[in-house]
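Participant: Before I ask anything, let me first share the structure, which is written out below as structure tokens.
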Amino acid sequence: MAAKQLRIVPLGGLGEVGKNMMSIEYGDNILIVDTGIMFPENDMLGIDYIIPDFRYILDKKTKVRGIVITHGHEDHTGAIRHVIDEIPVPIYATQLTRGLLEVKLRRGGMLENTTLNTVKAGEDVQIGPFGVEFFHVSHSIPDGVGLGITTPAGLIVHSGDFKFDHTPVDDWPTDFAKLAEFGGRGVLLLMSDSTNADSPGWTPSEAVIDPGFDAAFAQAKRRIIIGTFASLISRMAQVAKAAARHKRVMAFVGTSMIENAKIARKLGYLDIPDDLIVPLDQALKMKPSKVVLMCTGTQGEPSSILGRLSKGTNRQFSVSPGDTVILSSHPIPGNEEMVHRTINRLFQQGAEVIYDAIAPVHVSGHASQEEMKMMLQLVRPKHFVPIHGELRHLKQHAHLARDIGIAPKRIAVVENGTVIEFRDGKMSVGDRVPGGYVFVDGSGVGDIGPIVMREREVLARDGIVVIHLHFNRKTGALIGSPELVSKGFVFLKDSEELFDQAREKILEVIKGSDEGDLNSKIEKDLSKFFYNKTKRRPMVIVLSSEAPKSS
Ligand SMILES: [Zn+2]
Ligand SMILES: [Zn+2]
């Protein structure tokens with residue numbers, strides 16, 4: 001078969017922000033890059049998180065030689081347990097990324113049986129036919145890498161998530177020299193982070209946040225609560241420094257935050273003196289003006305700590321008037337509405353809320369347009385595939401590539417599941433493999449499909465009407481009038497007239513229908529009826545029972 005062909009199959013992160021995963025194949029060998037999750041959008045009810053659909057690799061899992069993880073963010077690491085469970089191959093990651101992966105594997109009881117290899121930026125590792133060179137990139141978490149992957153078909157450069165920060169928190173800028181060296185060697189394909197492709201100019205350095213924190217800390221009279229992502233290790237370091245400058249101690253709140261901080265400190269990626277950190281219960285007993293609490297929940301998730309604080313339902317502590325809440329984050333596309341609701345509620349609780357739209361308390365970890373162009377110029381690839389972003393970001397990134405002189409036919413904008421093939425140094429877009437969503441709900445994986453999601457959406461939006469019909473078992477005639485029960489649709493008392501009309505409508509349908517599936521006909525017609533009357537379309541369910549002969 002097509003044994004000597006290079007194939008790139010994106011399984012997540014192309015056409016969306018999140019759940020990054022990619023399969024790189026040569027002959028009978030597969031290398032997986034990243035295994036991320038995505039958090040549900042607010043119309044995905046009851047879903048905890050989403051993992052990539054990697055059925056495609058399961059069919060050829062004996063060919064997988066290894067998994068490389070570029071950095072410790074959830075959208076690159078979060079699905080590791082699900083993937084390793086099915087494909088138990090060695091994992092390669094830098095020290096901090098490995099530490100964060102270990103937390104996840106241990107929680108799943110899978111750490112003992114998993115082979116983890118620690119790599120350093122600047123090192124090379126041979127994985128099957130793939131010579132993988134890890135190079136440092138600056139991002140919003142330390143120890144992030146991009147990959148130079150030498151295959152028999154040519155050199156591939158994968159940027160990971162990156163920005164060109166000259167004053168990063170960890171003092172370790174992106175390895176420009178390596179990128180230029182790749183360019184000199186000749187690069188068959190560049191795949192580069194598109195997250196901020198619609199932001200012109202340069203992404204500000206992480207260093208600009210320090211004065212933003214200083215201004216907020218100087219004004220804060222009482223407790224300071226800072227919300228961010230649990231894996232934004234760089235931000236933890238910045239908060240710690242600001243706390244020290246303003247004579248406050250800090251406490252981490254929430255399991256993931258505490259665990260990540262512990263790992264990062266243990267491995268030397270988070271330099272916070274012991275006396276600056278106190279446990280939460282101790283912090284809560286201290287004078288509010290001496291304390292900074294750091295927690296998660298900046299995306300408006302109702303069950304997160306910030307979400308609970310905003311509703312006054314957090315158990316351990318609550319927001320008091322005069323407290324300062326800083327959201328050091330930016331809403332992920334799709335979450336804006338929920339985030340704004342959380343901010344409004346925090347204001348209602350009496351907090352002073354500071355967020356990135358009104359003060360420099362957050363910068364992106366991703367490259368803007370000028371950095372993207374610089375990446376393209378340094379690497380000077382023969383072919384280009386934008387990765388990590390919604391379709392609009394990928395398209396915009398492709399425009400930039402064209403601007404710097406890459407021929408359109410050498411650029412491929414594709415979404416998850418689209419196969420990209422290289423034969424004799426030429427790129428072509430091939431067929432499509434599954435690359436959709438797998439919903440994880442409680443402990444269940446993949447048992448929630450689009451139909452269930454649609455039903456949940458209808459139930460949440462327009463409610464439900466249950467119609468109960470009793471029939472005479474002998475004659476088949478309807479006994480009495482239909483019983484209607486509604487939940488979440490209209491308030492029954494105010495709608496007697498509507499329900500009377502609905503009953504008449506039901507009788508009409510029963511009269512007019514011969515045999516067939518009466519229940520589904522009533523469901524369909526009544527759904528239409530309710531829509532015409534109310535402009536809402538509740539879920540309609542008919543339950544019919546046969547009464548005993550005697551009645
Ligand atoms: Zn990232
Ligand atoms: Zn990412």
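Chain labels follow the order of the structure tokens: the first chain is A, the next B, and so on; residue numbering restarts at 1 in every chain, and ligands are counted from 1 in their shown order.
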Using only C-alpha atoms and all ligand atoms, which residues of the polymer chains come no farther than 10 Å from ligand 1? I'd like the answer as JSON, numbers by chain.

Facilitator: {"A": [18, 20, 70, 71, 72, 73, 74, 75, 76, 77, 138, 139, 140, 141, 144, 160, 161, 162, 193, 195, 231, 232, 364, 365, 366, 388]}

Participant: May I have the selected residues written with N, CA and C atoms, as a PDB file, in the first residue's frame?

Facilitator:
```pdb
ATOM      1  N   GLY A  18      -9.036  24.235  21.366  1.00  0.00           N
ATOM      2  CA  GLY A  18      -9.071  23.186  22.383  1.00  0.00           C
ATOM      3  C   GLY A  18      -8.878  21.810  21.808  1.00  0.00           C
ATOM      4  N   ASN A  20      -6.435  19.666  21.399  1.00  0.00           N
ATOM      5  CA  ASN A  20      -5.438  19.478  20.355  1.00  0.00           C
ATOM      6  C   ASN A  20      -4.920  18.049  20.327  1.00  0.00           C
ATOM      7  N   THR A  70       3.431  18.682  24.032  1.00  0.00           N
ATOM      8  CA  THR A  70       4.217  19.913  23.877  1.00  0.00           C
ATOM      9  C   THR A  70       4.293  20.769  25.138  1.00  0.00           C
ATOM     10  N   HIS A  71       3.202  20.808  25.934  1.00  0.00           N
ATOM     11  CA  HIS A  71       3.241  21.562  27.196  1.00  0.00           C
ATOM     12  C   HIS A  71       2.067  21.170  28.076  1.00  0.00           C
ATOM     13  N   GLY A  72       2.044  21.718  29.293  1.00  0.00           N
ATOM     14  CA  GLY A  72       1.153  21.193  30.328  1.00  0.00           C
ATOM     15  C   GLY A  72      -0.265  21.732  30.371  1.00  0.00           C
ATOM     16  N   HIS A  73      -0.718  22.472  29.374  1.00  0.00           N
ATOM     17  CA  HIS A  73      -2.095  22.976  29.400  1.00  0.00           C
ATOM     18  C   HIS A  73      -3.095  21.859  29.109  1.00  0.00           C
ATOM     19  N   GLU A  74      -4.289  22.032  29.695  1.00  0.00           N
ATOM     20  CA  GLU A  74      -5.340  21.008  29.559  1.00  0.00           C
ATOM     21  C   GLU A  74      -5.696  20.703  28.104  1.00  0.00           C
ATOM     22  N   ASP A  75      -5.638  21.723  27.247  1.00  0.00           N
ATOM     23  CA  ASP A  75      -6.034  21.480  25.854  1.00  0.00           C
ATOM     24  C   ASP A  75      -4.953  20.704  25.088  1.00  0.00           C
ATOM     25  N   HIS A  76      -3.879  20.306  25.806  1.00  0.00           N
ATOM     26  CA  HIS A  76      -2.838  19.453  25.208  1.00  0.00           C
ATOM     27  C   HIS A  76      -2.605  18.169  26.006  1.00  0.00           C
ATOM     28  N   THR A  77      -3.018  18.176  27.286  1.00  0.00           N
ATOM     29  CA  THR A  77      -2.740  17.031  28.164  1.00  0.00           C
ATOM     30  C   THR A  77      -3.999  16.309  28.661  1.00  0.00           C
ATOM     31  N   SER A 138       8.319  30.208  24.302  1.00  0.00           N
ATOM     32  CA  SER A 138       7.702  30.871  25.454  1.00  0.00           C
ATOM     33  C   SER A 138       6.195  30.865  25.256  1.00  0.00           C
ATOM     34  N   HIS A 139       5.491  30.707  26.359  1.00  0.00           N
ATOM     35  CA  HIS A 139       4.039  30.572  26.359  1.00  0.00           C
ATOM     36  C   HIS A 139       3.594  30.936  27.768  1.00  0.00           C
ATOM     37  N   SER A 140       2.368  30.680  28.149  1.00  0.00           N
ATOM     38  CA  SER A 140       1.934  31.090  29.486  1.00  0.00           C
ATOM     39  C   SER A 140       2.155  30.010  30.539  1.00  0.00           C
ATOM     40  N   ILE A 141       2.949  29.001  30.192  1.00  0.00           N
ATOM     41  CA  ILE A 141       3.343  27.974  31.145  1.00  0.00           C
ATOM     42  C   ILE A 141       4.816  27.686  30.861  1.00  0.00           C
ATOM     43  N   GLY A 144       7.454  24.816  27.862  1.00  0.00           N
ATOM     44  CA  GLY A 144       6.753  24.469  26.640  1.00  0.00           C
ATOM     45  C   GLY A 144       7.741  24.244  25.512  1.00  0.00           C
ATOM     46  N   GLY A 160       3.851  24.004  18.508  1.00  0.00           N
ATOM     47  CA  GLY A 160       3.209  23.961  19.822  1.00  0.00           C
ATOM     48  C   GLY A 160       2.399  25.233  20.005  1.00  0.00           C
ATOM     49  N   ASP A 161       2.126  25.645  21.255  1.00  0.00           N
ATOM     50  CA  ASP A 161       1.557  26.965  21.518  1.00  0.00           C
ATOM     51  C   ASP A 161       2.737  27.878  21.801  1.00  0.00           C
ATOM     52  N   PHE A 162       2.778  29.048  21.161  1.00  0.00           N
ATOM     53  CA  PHE A 162       3.954  29.896  21.384  1.00  0.00           C
ATOM     54  C   PHE A 162       3.614  31.371  21.299  1.00  0.00           C
ATOM     55  N   ASP A 193       0.709  27.658  15.486  1.00  0.00           N
ATOM     56  CA  ASP A 193      -0.383  28.106  16.366  1.00  0.00           C
ATOM     57  C   ASP A 193      -1.128  29.312  15.791  1.00  0.00           C
ATOM     58  N   THR A 195      -4.122  30.603  17.262  1.00  0.00           N
ATOM     59  CA  THR A 195      -5.117  31.083  18.239  1.00  0.00           C
ATOM     60  C   THR A 195      -5.421  32.582  18.136  1.00  0.00           C
ATOM     61  N   SER A 231      -3.563  25.737  35.182  1.00  0.00           N
ATOM     62  CA  SER A 231      -2.266  25.393  34.589  1.00  0.00           C
ATOM     63  C   SER A 231      -1.472  26.630  34.150  1.00  0.00           C
ATOM     64  N   LEU A 232      -1.954  27.823  34.491  1.00  0.00           N
ATOM     65  CA  LEU A 232      -1.197  29.040  34.163  1.00  0.00           C
ATOM     66  C   LEU A 232      -0.114  29.264  35.218  1.00  0.00           C
ATOM     67  N   SER A 364      -2.247  37.443  26.582  1.00  0.00           N
ATOM     68  CA  SER A 364      -2.369  36.151  25.937  1.00  0.00           C
ATOM     69  C   SER A 364      -1.029  35.425  25.927  1.00  0.00           C
ATOM     70  N   GLY A 365      -1.069  34.109  25.903  1.00  0.00           N
ATOM     71  CA  GLY A 365       0.140  33.302  25.781  1.00  0.00           C
ATOM     72  C   GLY A 365       0.433  32.945  24.336  1.00  0.00           C
ATOM     73  N   HIS A 366      -0.370  33.504  23.424  1.00  0.00           N
ATOM     74  CA  HIS A 366      -0.250  33.108  22.017  1.00  0.00           C
ATOM     75  C   HIS A 366       0.233  34.263  21.137  1.00  0.00           C
ATOM     76  N   HIS A 388      -4.307  24.861  15.623  1.00  0.00           N
ATOM     77  CA  HIS A 388      -4.765  25.469  16.877  1.00  0.00           C
ATOM     78  C   HIS A 388      -5.603  26.716  16.628  1.00  0.00           C
TER      79      HIS A 388
END
```

Participant: Report as a PyMOL selection string all protein, DNA and RNA residues lying within 9 Å of stretch 151-157 of chain A, evaluated on only C-alpha atoms, omitting residues in the same chain fewer than 3 positions from it.

Facilitator: chain A and resi 4-6+26+129-132+146-148+179+182+185-192+379+381+422-425

Participant: If we count only C-alpha atoms, what is near stretch 322-339 of chain A at a cut-off of 8 Å, once residues fewer than 5 positions away on the same chain are taken out, given as JSON, numbers by chain?

Facilitator: {"A": [17, 41, 42, 220, 221, 222, 223, 224, 225, 226, 227, 228, 229, 298, 299, 300, 301, 346, 350, 351, 352, 353, 354, 355, 356, 361, 362, 363, 364]}

Participant: Kindly save the residues from that selection, with N, CA and C atoms included, as a short mmCIF file (atom, residue, chain, number, x, y, z; two decimals), in the first residue's frame.

Facilitator:
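part.cif written:
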```cif
data_model
loop_
_atom_site.label_atom_id
_atom_site.label_comp_id
_atom_site.auth_asym_id
_atom_site.auth_seq_id
_atom_site.Cartn_x
_atom_site.Cartn_y
_atom_site.Cartn_z
N VAL A 17 -10.93 25.93 19.29
CA VAL A 17 -9.87 26.22 20.25
C VAL A 17 -9.99 25.16 21.35
N GLU A 41 -19.03 24.24 25.61
CA GLU A 41 -19.62 25.55 25.45
C GLU A 41 -20.91 25.57 26.23
N ASN A 42 -21.47 26.77 26.43
CA ASN A 42 -22.60 26.82 27.37
C ASN A 42 -23.86 26.16 26.83
N ALA A 220 -6.49 47.73 46.74
CA ALA A 220 -7.32 46.76 47.46
C ALA A 220 -7.24 46.99 48.96
N LYS A 221 -8.42 47.11 49.58
CA LYS A 221 -8.45 47.36 51.02
C LYS A 221 -8.58 46.04 51.79
N ARG A 222 -9.29 45.10 51.18
CA ARG A 222 -9.56 43.85 51.90
C ARG A 222 -8.95 42.66 51.14
N ARG A 223 -9.61 41.55 51.22
CA ARG A 223 -9.08 40.34 50.61
C ARG A 223 -8.99 40.47 49.08
N ILE A 224 -7.94 39.89 48.50
CA ILE A 224 -7.83 39.84 47.04
C ILE A 224 -8.04 38.40 46.60
N ILE A 225 -8.94 38.22 45.64
CA ILE A 225 -9.17 36.88 45.10
C ILE A 225 -8.82 36.93 43.62
N ILE A 226 -7.89 36.08 43.19
CA ILE A 226 -7.47 36.10 41.79
C ILE A 226 -7.89 34.81 41.11
N GLY A 227 -8.62 34.95 40.02
CA GLY A 227 -9.05 33.78 39.26
C GLY A 227 -8.20 33.63 38.01
N THR A 228 -7.77 32.41 37.73
CA THR A 228 -7.07 32.13 36.48
C THR A 228 -7.17 30.63 36.20
N PHE A 229 -6.50 30.16 35.13
CA PHE A 229 -6.50 28.72 34.84
C PHE A 229 -5.55 28.00 35.80
N THR A 298 -12.51 31.07 35.77
CA THR A 298 -12.61 32.32 35.04
C THR A 298 -13.41 32.20 33.75
N GLN A 299 -13.91 31.01 33.44
CA GLN A 299 -14.67 30.87 32.20
C GLN A 299 -16.17 30.81 32.47
N GLY A 300 -16.57 31.20 33.68
CA GLY A 300 -17.99 31.26 34.00
C GLY A 300 -18.59 29.90 34.35
N GLU A 301 -17.74 28.89 34.57
CA GLU A 301 -18.26 27.57 34.92
C GLU A 301 -19.01 27.68 36.25
N LEU A 346 -20.54 38.93 40.76
CA LEU A 346 -19.51 39.28 41.75
C LEU A 346 -19.67 40.73 42.19
N GLY A 350 -20.86 42.71 46.04
CA GLY A 350 -20.16 43.82 46.67
C GLY A 350 -18.67 43.86 46.38
N ALA A 351 -18.21 42.96 45.50
CA ALA A 351 -16.77 42.92 45.20
C ALA A 351 -16.40 44.02 44.20
N GLU A 352 -15.14 44.42 44.26
CA GLU A 352 -14.55 45.26 43.22
C GLU A 352 -13.99 44.27 42.21
N VAL A 353 -14.51 44.25 40.99
CA VAL A 353 -14.05 43.25 40.03
C VAL A 353 -13.16 43.89 38.98
N ILE A 354 -11.99 43.32 38.79
CA ILE A 354 -11.04 43.84 37.80
C ILE A 354 -10.80 42.74 36.77
N TYR A 355 -11.00 43.05 35.52
CA TYR A 355 -10.81 42.03 34.47
C TYR A 355 -10.09 42.65 33.28
N ASP A 356 -9.69 41.81 32.34
CA ASP A 356 -8.71 42.27 31.34
C ASP A 356 -9.22 43.38 30.44
N VAL A 361 -4.49 43.03 33.47
CA VAL A 361 -4.26 41.95 34.43
C VAL A 361 -4.17 40.60 33.72
N HIS A 362 -4.13 40.63 32.40
CA HIS A 362 -3.95 39.39 31.65
C HIS A 362 -3.33 39.71 30.30
N VAL A 363 -2.40 38.86 29.85
CA VAL A 363 -1.99 38.92 28.43
C VAL A 363 -2.09 37.51 27.88
N SER A 364 -2.25 37.44 26.58
CA SER A 364 -2.37 36.15 25.94
C SER A 364 -1.03 35.42 25.93
#
```

Participant: Pick out the residues sitting within 10 Å of A:Glu112, and hand them over as a list in words; count only C-alpha atoms, and ignore anything fewer than 5 positions along from it in its own chain.

Facilitator: Glu102, Leu105 and Arg106 of chain A

Participant: Using only C-alpha atoms, pick whichever of A:Ile30, A:Met539, A:Met427, A:Ile80 has the shortest atom-to-atom distance to A:Asp59.

Facilitator: A:Ile30

Participant: What's the separation between atom CA of A:Trp202 and atom CA of A:Lys120, in Å to one decimal place?

Facilitator: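 Calculated distance between atom CA of A:Trp202 and atom CA of A:Lys120 is 27.5 Å.
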